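Q: Structure file run-v9.txt (compact mmCIF, C-alpha atoms and all ligand atoms) is given on the next line.
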# COMPACT_ATOMS: atom_id res chain seq x y z
CA MET A 1 0.00 0.00 0.00
CA LYS A 2 2.68 2.38 1.11
CA ASN A 3 4.91 1.59 -1.89
CA LYS A 4 2.13 2.08 -4.42
CA ASN A 5 1.37 5.53 -3.16
CA PHE A 6 5.03 6.40 -3.14
CA ARG A 7 5.56 5.55 -6.84
CA PRO A 8 5.59 8.67 -9.05
CA ALA A 9 2.88 8.99 -11.72
CA LYS A 10 5.48 9.11 -14.51
CA SER A 11 6.92 5.64 -13.86
CA GLU A 12 3.38 4.27 -13.44
CA ALA A 13 2.55 5.46 -16.96
CA LYS A 14 5.79 3.94 -18.18
CA ALA A 15 4.87 0.62 -16.55
CA VAL A 16 1.46 0.70 -18.26
CA GLY A 17 3.14 1.47 -21.56
CA LEU A 18 5.43 -1.52 -21.16
CA LYS A 19 2.48 -3.73 -20.25
CA GLU A 20 0.68 -2.63 -23.38
CA ARG A 21 3.66 -3.11 -25.58
CA SER A 22 4.43 -6.66 -24.54
CA PRO A 23 0.99 -8.15 -25.30
CA HIS A 24 1.05 -6.24 -28.57
CA GLY A 25 4.36 -7.84 -29.38
CA LEU A 26 2.84 -11.24 -28.62
CA VAL A 27 -0.11 -10.53 -30.88
CA PHE A 28 2.23 -9.45 -33.63
CA SER A 29 4.40 -12.54 -33.37
CA SER A 30 1.42 -14.90 -33.26
CA GLU A 31 0.04 -13.05 -36.26
CA SER A 32 3.25 -13.58 -38.21
CA PHE A 33 3.24 -17.20 -37.08
CA ALA A 34 -0.28 -17.58 -38.44
CA LEU A 35 0.91 -15.92 -41.63
CA SER A 36 3.85 -18.27 -42.08
CA ALA A 37 1.59 -21.22 -41.25
CA ARG A 38 -0.80 -20.03 -43.92
CA ARG A 39 2.14 -19.63 -46.31
CA LEU A 40 3.27 -23.18 -45.47
CA GLN A 41 -0.25 -24.43 -46.03
CA SER A 42 -0.50 -22.79 -49.43
CA ARG A 43 2.97 -24.11 -50.25
CA ALA A 44 1.85 -27.63 -49.30
CA ALA A 45 -1.27 -27.16 -51.39
CA PHE A 46 0.89 -26.03 -54.30
CA ILE A 47 3.16 -29.09 -53.96
CA LEU A 48 0.13 -31.38 -53.76
CA LEU A 49 -1.28 -29.77 -56.88
CA ALA A 50 2.05 -30.19 -58.67
CA ILE A 51 2.17 -33.88 -57.70
CA LEU A 52 -1.41 -34.34 -58.85
CA LEU A 53 -0.61 -32.71 -62.20
CA LEU A 54 2.46 -34.92 -62.59
CA ILE A 55 0.37 -38.02 -61.89
CA LEU A 56 -2.26 -36.87 -64.39
CA ALA A 57 0.45 -36.13 -66.96
CA GLY A 58 1.90 -39.57 -66.31
CA CYS A 59 -1.49 -41.17 -66.82
CA ARG A 60 -2.01 -39.25 -70.02
CA ARG A 61 1.42 -40.28 -71.26
CA ALA A 62 0.60 -43.92 -70.50
CA GLY A 63 -2.79 -43.37 -72.08
CA PRO A 64 -2.26 -44.36 -75.73
CA ASP A 65 -3.09 -48.03 -75.88
CA SER A 66 -0.22 -50.32 -76.84
CA SER A 67 -2.17 -53.58 -76.47
CA ASP A 68 -2.08 -54.04 -80.26
CA VAL A 69 1.68 -54.57 -80.00
CA GLY A 70 2.63 -58.21 -79.69
CA VAL A 71 5.35 -59.21 -77.25
CA GLU A 72 6.86 -62.66 -77.55
CA VAL A 73 9.34 -63.68 -74.89
CA THR A 74 11.64 -66.67 -74.88
CA VAL A 75 14.03 -67.60 -72.10
CA ASN A 76 17.15 -69.67 -72.67
CA PRO A 77 17.97 -72.17 -71.32
CA ASN A 78 14.53 -73.74 -71.51
CA PRO A 79 13.50 -74.99 -68.99
CA PRO A 80 15.06 -72.05 -67.09
CA ALA A 81 17.73 -72.68 -64.47
CA VAL A 82 19.58 -70.69 -61.83
CA GLY A 83 22.32 -68.58 -63.39
CA GLN A 84 22.50 -66.29 -66.36
CA ALA A 85 19.73 -66.70 -68.90
CA THR A 86 19.26 -65.05 -72.25
CA VAL A 87 15.95 -63.31 -72.73
CA THR A 88 14.83 -62.70 -76.29
CA LEU A 89 11.76 -60.68 -77.11
CA THR A 90 10.08 -59.93 -80.35
CA LEU A 91 7.89 -56.87 -80.72
CA SER A 92 5.41 -56.79 -83.56
CA ASP A 93 2.70 -54.32 -84.51
CA ALA A 94 -0.97 -55.01 -85.31
CA GLU A 95 0.00 -56.04 -88.87
CA GLY A 96 2.64 -58.43 -87.57
CA GLN A 97 5.50 -56.20 -88.68
CA PRO A 98 8.55 -55.96 -86.39
CA VAL A 99 8.66 -52.89 -84.11
CA SER A 100 12.15 -51.47 -84.47
CA GLY A 101 13.82 -48.80 -82.38
CA ALA A 102 12.03 -49.46 -79.08
CA GLN A 103 13.75 -48.71 -75.79
CA VAL A 104 13.33 -51.88 -73.77
CA GLU A 105 14.04 -52.65 -70.14
CA LEU A 106 13.72 -55.94 -68.32
CA GLU A 107 13.15 -56.52 -64.66
CA GLY A 108 13.43 -60.01 -63.25
CA ASN A 109 11.75 -60.65 -59.93
CA MET A 110 10.38 -63.53 -57.91
CA VAL A 111 6.77 -63.96 -56.87
CA HIS A 112 7.73 -64.08 -53.19
CA ALA A 113 8.43 -60.84 -51.33
CA GLY A 114 11.79 -59.51 -50.21
CA MET A 115 13.82 -60.21 -53.34
CA ALA A 116 16.05 -57.64 -54.96
CA PRO A 117 14.99 -57.57 -58.61
CA THR A 118 17.54 -57.97 -61.38
CA PHE A 119 17.57 -55.57 -64.31
CA SER A 120 18.74 -55.72 -67.87
CA LYS A 121 18.61 -53.52 -70.94
CA PRO A 122 18.14 -55.52 -74.14
CA ALA A 123 19.79 -54.53 -77.37
CA GLU A 124 18.08 -54.82 -80.73
CA VAL A 125 19.84 -57.69 -82.51
CA ALA A 126 17.51 -57.81 -85.53
CA PRO A 127 14.50 -55.68 -86.57
CA GLY A 128 12.00 -55.96 -83.72
CA ARG A 129 14.14 -58.54 -81.95
CA TYR A 130 15.70 -57.59 -78.61
CA GLU A 131 18.06 -59.61 -76.51
CA ALA A 132 19.59 -59.35 -73.05
CA PRO A 133 21.14 -61.50 -70.37
CA LEU A 134 19.16 -61.78 -67.15
CA GLU A 135 20.33 -63.31 -63.90
CA PHE A 136 18.14 -65.84 -62.09
CA ASN A 137 19.94 -65.93 -58.76
CA MET A 138 17.54 -68.27 -56.98
CA ALA A 139 15.45 -71.31 -57.79
CA GLY A 140 11.69 -70.85 -57.80
CA ASP A 141 8.95 -68.91 -59.53
CA TRP A 142 10.08 -65.80 -61.37
CA PHE A 143 8.43 -63.24 -63.58
CA ILE A 144 9.91 -60.84 -66.08
CA LEU A 145 8.57 -57.34 -66.41
CA VAL A 146 9.03 -56.02 -69.93
CA LYS A 147 8.92 -52.24 -70.13
CA ALA A 148 9.32 -50.49 -73.43
CA THR A 149 9.00 -47.08 -75.00
CA LEU A 150 7.93 -47.60 -78.57
CA PRO A 151 9.34 -45.47 -81.41
CA ASP A 152 6.01 -43.61 -81.57
CA GLY A 153 6.33 -42.70 -77.88
CA ARG A 154 3.78 -45.14 -76.55
CA ARG A 155 4.62 -47.03 -73.38
CA LEU A 156 4.27 -50.77 -73.14
CA GLU A 157 4.41 -52.97 -70.08
CA ARG A 158 3.93 -56.72 -69.98
CA GLN A 159 4.55 -59.34 -67.37
CA VAL A 160 5.79 -62.76 -68.36
CA ASP A 161 5.78 -65.55 -65.82
CA VAL A 162 8.81 -67.79 -65.60
CA PRO A 163 7.72 -70.47 -63.17
CA GLY A 164 9.92 -73.21 -61.79
CA VAL A 165 13.43 -71.91 -62.32
CA LYS A 166 15.52 -74.94 -61.41
CA GLY A 167 18.28 -74.99 -58.84
CA GLU A 168 21.81 -76.04 -59.67
CU CU A 201 13.92 -65.52 -54.22
Before we go any further, please render this structure as structure tokens.
A:
Amino acid sequence: MKNKNFRPAKSEAKAVGLKERSPHGLVFSSESFALSARRLQSRAAFILLAILLLILAGCRRAGPDSSDVGVEVTVNPNPPAVGQATVTLTLSDAEGQPVSGAQVELEGNMVHAGMAPTFSKPAEVAPGRYEAPLEFNMAGDWFILVKATLPDGRRLERQVDVPGVKGE
């Protein structure tokens, strides 16, 4: 009581000013926090939109149907065995003509989970005929994923089962 009365009016005003300033500062900083949160949110929305557009673009790129293209796959040795095999594939169009100049990729994988797939990039050895070595490093049921970009830009993907790869 005694102390309060003793305090000069000037310093009391100063104290009030300080009190007012500090909550204002808090309001300001929470405002800028809300702003940056909003900016982050719009940035996240932008990234999401970009991803969505990429997915849509990817779908559109995969859109043109390539089911009219015939893919014939042979694996040597036949029956397949553990070790290096030679995969030969023949691509032919709807008229049965060889499809030359395709970019082909092979992925060998097993039907059970937890295997590291093996990859190979076939070379065109004759018009429409592509060949590559592929490693079967375990006995069991395999499949080969054939992925190709055709000369007209269309994408092609086929799965060929290679069951019962024999052990050594
Ligand atoms: Cu395996």
Q: Show me which residues sit within 8 Å of ligand CU 201 (chain A) when counting only C-alpha atoms and all ligand atoms, and put them as a ChimeraX atom specification.
A: /A:109-115,137-140
Q: Give the answer as one residue: which of A:Ala123, A:Ala132, A:Ile144, A:Val160 has the shortest atom-to-atom distance to Thr86 (chain A), using all atoms listed in the file?
A: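 Using all atoms listed in the file, Thr86 (chain A) sits closest to A:Ala132.
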Q: Hey, what's within 8 Å of Val165 (chain A) if we count all atoms listed in the file and toss same-chain stuff fewer than 5 positions away? As an MDAnalysis selection string, please?
A: chainID A and resid 79:82 136 138:142
Q: Here is a test: counting only C-alpha atoms, which residue of A:Thr118, A:Ser42, A:Gln103, A:Asn76 is nearest to Thr149 (chain A)?
A: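 Using only C-alpha atoms, Thr149 (chain A) sits closest to A:Gln103.
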Q: Which neighbours of Ser92 (chain A) fall inside 12 Å, counting all atoms listed in the file, when residues of the same chain fewer than 6 positions from it are skipped, and could you give them as a PDB file with C-alpha atoms, in the frame of the given file?
A:
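As a result, out_38.pdb now contains:
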ATOM      1  CA  SER A  66      -0.220 -50.320 -76.840  1.00  0.00           C
ATOM      2  CA  SER A  67      -2.170 -53.580 -76.470  1.00  0.00           C
ATOM      3  CA  ASP A  68      -2.080 -54.040 -80.260  1.00  0.00           C
ATOM      4  CA  VAL A  69       1.680 -54.570 -80.000  1.00  0.00           C
ATOM      5  CA  GLY A  70       2.630 -58.210 -79.690  1.00  0.00           C
ATOM      6  CA  VAL A  71       5.350 -59.210 -77.250  1.00  0.00           C
ATOM      7  CA  GLU A  72       6.860 -62.660 -77.550  1.00  0.00           C
ATOM      8  CA  VAL A  73       9.340 -63.680 -74.890  1.00  0.00           C
ATOM      9  CA  PRO A  98       8.550 -55.960 -86.390  1.00  0.00           C
ATOM     10  CA  VAL A  99       8.660 -52.890 -84.110  1.00  0.00           C
ATOM     11  CA  SER A 100      12.150 -51.470 -84.470  1.00  0.00           C
ATOM     12  CA  GLY A 101      13.820 -48.800 -82.380  1.00  0.00           C
ATOM     13  CA  ALA A 102      12.030 -49.460 -79.080  1.00  0.00           C
ATOM     14  CA  PRO A 127      14.500 -55.680 -86.570  1.00  0.00           C
ATOM     15  CA  GLY A 128      12.000 -55.960 -83.720  1.00  0.00           C
ATOM     16  CA  ARG A 129      14.140 -58.540 -81.950  1.00  0.00           C
ATOM     17  CA  TYR A 130      15.700 -57.590 -78.610  1.00  0.00           C
ATOM     18  CA  LEU A 150       7.930 -47.600 -78.570  1.00  0.00           C
TER      19      LEU A 150
END
Q: For CA of Leu145 (chain A) and CA of Gly108 (chain A), determine how far apart the two atoms are, in Å to one decimal place.
A: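 For CA of Leu145 (chain A) relative to CA of Gly108 (chain A), the distance reads 6.4 Å.
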Q: Fewer than 6 positions away in the same chain doesn't count, so skip those; otherwise give me all residues within 6 Å of Val146 (chain A), counting only C-alpha atoms, as an NGL selection string.
A: :A and (106 or 157-158)
Q: From the set A:Ala94, A:Ala116, A:Ala148, A:Leu156, which residue has the shortest atom-to-atom contact distance to Glu135 (chain A), counting all atoms listed in the file?
A: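 Comparing A:Ala94, A:Ala116, A:Ala148, A:Leu156 against Glu135 (chain A), the winner is A:Ala116.
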Q: Give me, please, the distance in Å between CA of Glu124 (chain A) and CA of Val87 (chain A), quoted to one decimal.
A: 11.9 Å
Q: Could you tell me how far CA of Leu134 (chain A) sits from CA of Ala85 (chain A), in Å to one decimal place?
A: 5.3 Å
Q: Select, from A:Arg39, A:Pro77, A:Ala126, A:Ala44, the residue with the minimum atom-to-atom distance to Leu89 (chain A), counting all atoms listed in the file.
A: A:Ala126
